[in-house]
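Asker: Mind looking over this structure? Questions follow.
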Amino acid sequence: MSSFPETPPARWRRSVRCGASNGCVEVAGLGDGAVSVRDTENTATSLAFGPAEWRGFIERAKAGRYDHP
């Protein structure tokens with residue numbers, strides 16, 4: 001997890017698979033490839049990740065590394 005200036009993200013997005021549920025996460029671009037992530041049930045707190053960290057997470061997620069059996 002990295003530290004980025006406290007500039008609020010321009011636009012939060014969530015997966016269409018969330019539907020009307022509030023049990024999801026939202027992501028927002030911070031510029032230069034950095035991404036902020038927050039829980040829809042606690043929008044006051046967010047985490048920021050640098051481009052390499054976020055890319056690595058996405059690659060591992062696509063490979064099924066976080067899938068539950």
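Just so we're on the same page: first chain in the structure tokens is A, next is B, and so on; residues restart at 1 for each chain, and ligands are numbered from 1 in the order they show up.
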Enumerate the residues of chain A with a DSSP assignment of strand (DSSP E), computed from the backbone, and present them as a ChimeraX atom specification.
Answerer: /A:25-31,34-39,42-49
Asker: Selection from above, C-alpha atoms, as a compact mmCIF listing (two decimals), in the first residue's frame, can you write it?
Answerer:
# COMPACT_ATOMS: atom_id res chain seq x y z
CA VAL A 25 -15.71 -2.51 -3.18
CA GLU A 26 -15.34 0.58 -5.33
CA VAL A 27 -12.26 1.77 -7.21
CA ALA A 28 -11.25 5.18 -8.50
CA GLY A 29 -8.28 6.35 -10.52
CA LEU A 30 -5.93 8.80 -8.81
CA GLY A 31 -3.86 9.67 -11.85
CA ALA A 34 -2.59 4.85 -9.07
CA VAL A 35 -5.89 3.51 -7.76
CA SER A 36 -7.92 4.09 -4.62
CA VAL A 37 -10.13 1.31 -3.23
CA ARG A 38 -12.91 1.55 -0.64
CA ASP A 39 -15.64 -0.61 0.88
CA ASN A 42 -17.48 2.26 4.87
CA THR A 43 -16.86 4.98 2.31
CA ALA A 44 -15.01 7.23 4.77
CA THR A 45 -11.86 5.09 4.51
CA SER A 46 -9.95 4.12 1.39
CA LEU A 47 -6.63 2.53 0.44
CA ALA A 48 -4.35 3.77 -2.33
CA PHE A 49 -2.16 1.55 -4.50
Asker: List every residue of chain A that DSSP, applied to the backbone, labels as alpha helix (DSSP H), and write the result as a ChimeraX atom specification.
Answerer: /A:51-62
Asker: Restricting the output to all heavy atoms, write the selected residues as a tab-separated table (two decimals), in the first residue's frame.
Answerer:
chain	number	residue	atom	x	y	z
A	51	PRO	N	0.66	2.08	-9.37
A	51	PRO	CA	0.37	1.36	-10.61
A	51	PRO	C	0.88	-0.09	-10.61
A	51	PRO	O	0.17	-1.00	-11.02
A	51	PRO	CB	1.07	2.18	-11.69
A	51	PRO	CG	1.27	3.52	-11.10
A	51	PRO	CD	1.37	3.33	-9.62
A	52	ALA	N	2.12	-0.30	-10.16
A	52	ALA	CA	2.68	-1.66	-10.17
A	52	ALA	C	1.94	-2.57	-9.20
A	52	ALA	O	1.67	-3.74	-9.50
A	52	ALA	CB	4.17	-1.62	-9.83
A	53	GLU	N	1.61	-2.03	-8.03
A	53	GLU	CA	0.86	-2.83	-7.04
A	53	GLU	C	-0.51	-3.22	-7.59
A	53	GLU	O	-0.95	-4.36	-7.45
A	53	GLU	CB	0.66	-2.02	-5.75
A	53	GLU	CG	1.93	-1.74	-5.01
A	53	GLU	CD	1.71	-0.74	-3.89
A	53	GLU	OE1	1.12	0.33	-4.14
A	53	GLU	OE2	2.13	-1.05	-2.77
A	54	TRP	N	-1.20	-2.26	-8.18
A	54	TRP	CA	-2.55	-2.53	-8.71
A	54	TRP	C	-2.48	-3.53	-9.87
A	54	TRP	O	-3.26	-4.45	-9.95
A	54	TRP	CB	-3.22	-1.23	-9.14
A	54	TRP	CG	-4.64	-1.45	-9.53
A	54	TRP	CD1	-5.17	-1.34	-10.78
A	54	TRP	CD2	-5.72	-1.82	-8.68
A	54	TRP	NE1	-6.51	-1.62	-10.75
A	54	TRP	CE2	-6.87	-1.92	-9.47
A	54	TRP	CE3	-5.82	-2.09	-7.32
A	54	TRP	CZ2	-8.11	-2.28	-8.94
A	54	TRP	CZ3	-7.05	-2.44	-6.80
A	54	TRP	CH2	-8.18	-2.54	-7.61
A	55	ARG	N	-1.53	-3.34	-10.76
A	55	ARG	CA	-1.37	-4.26	-11.89
A	55	ARG	C	-1.11	-5.68	-11.40
A	55	ARG	O	-1.68	-6.64	-11.90
A	55	ARG	CB	-0.21	-3.77	-12.78
A	55	ARG	CG	-0.45	-3.89	-14.24
A	55	ARG	CD	0.64	-3.30	-15.13
A	55	ARG	NE	1.87	-2.84	-14.51
A	55	ARG	CZ	2.14	-1.55	-14.24
A	55	ARG	NH1	1.26	-0.61	-14.50
A	55	ARG	NH2	3.28	-1.22	-13.70
A	56	GLY	N	-0.26	-5.82	-10.40
A	56	GLY	CA	0.04	-7.13	-9.83
A	56	GLY	C	-1.20	-7.77	-9.24
A	56	GLY	O	-1.45	-8.97	-9.41
A	57	PHE	N	-2.00	-6.98	-8.52
A	57	PHE	CA	-3.23	-7.51	-7.94
A	57	PHE	C	-4.18	-7.99	-9.03
A	57	PHE	O	-4.73	-9.09	-8.95
A	57	PHE	CB	-3.93	-6.43	-7.10
A	57	PHE	CG	-5.33	-6.79	-6.73
A	57	PHE	CD1	-5.58	-7.76	-5.76
A	57	PHE	CD2	-6.40	-6.20	-7.37
A	57	PHE	CE1	-6.87	-8.12	-5.43
A	57	PHE	CE2	-7.70	-6.55	-7.05
A	57	PHE	CZ	-7.94	-7.51	-6.08
A	58	ILE	N	-4.37	-7.20	-10.07
A	58	ILE	CA	-5.27	-7.57	-11.16
A	58	ILE	C	-4.79	-8.85	-11.85
A	58	ILE	O	-5.58	-9.75	-12.14
A	58	ILE	CB	-5.40	-6.42	-12.18
A	58	ILE	CG1	-6.09	-5.21	-11.53
A	58	ILE	CG2	-6.15	-6.85	-13.43
A	58	ILE	CD1	-7.48	-5.49	-10.99
A	59	GLU	N	-3.49	-8.95	-12.09
A	59	GLU	CA	-2.95	-10.16	-12.73
A	59	GLU	C	-3.20	-11.40	-11.87
A	59	GLU	O	-3.60	-12.44	-12.38
A	59	GLU	CB	-1.45	-9.99	-12.99
A	59	GLU	CG	-1.15	-9.00	-14.10
A	59	GLU	CD	0.32	-8.64	-14.19
A	59	GLU	OE1	1.15	-9.21	-13.44
A	59	GLU	OE2	0.64	-7.77	-15.02
A	60	ARG	N	-2.97	-11.29	-10.57
A	60	ARG	CA	-3.22	-12.43	-9.67
A	60	ARG	C	-4.70	-12.77	-9.59
A	60	ARG	O	-5.07	-13.95	-9.56
A	60	ARG	CB	-2.64	-12.15	-8.28
A	60	ARG	CG	-1.11	-12.15	-8.27
A	60	ARG	CD	-0.53	-11.99	-6.88
A	60	ARG	NE	-0.88	-10.74	-6.23
A	60	ARG	CZ	-0.24	-9.58	-6.38
A	60	ARG	NH1	0.81	-9.52	-7.20
A	60	ARG	NH2	-0.62	-8.51	-5.73
A	61	ALA	N	-5.56	-11.76	-9.58
A	61	ALA	CA	-7.01	-12.01	-9.54
A	61	ALA	C	-7.46	-12.72	-10.81
A	61	ALA	O	-8.24	-13.67	-10.75
A	61	ALA	CB	-7.76	-10.70	-9.36
A	62	LYS	N	-6.98	-12.28	-11.95
A	62	LYS	CA	-7.35	-12.92	-13.23
A	62	LYS	C	-6.85	-14.36	-13.29
A	62	LYS	O	-7.48	-15.19	-13.93
A	62	LYS	CB	-6.80	-12.12	-14.41
A	62	LYS	CG	-7.55	-10.84	-14.66
A	62	LYS	CD	-6.98	-10.11	-15.87
A	62	LYS	CE	-7.75	-8.86	-16.18
A	62	LYS	NZ	-7.21	-8.15	-17.35
Asker: Have a look at A:Thr40, A:Gly33, A:Gly50, A:Pro69 and name the one nearest to A:Ser15; count only C-alpha atoms.
Answerer: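 Nearest to A:Ser15: A:Thr40.
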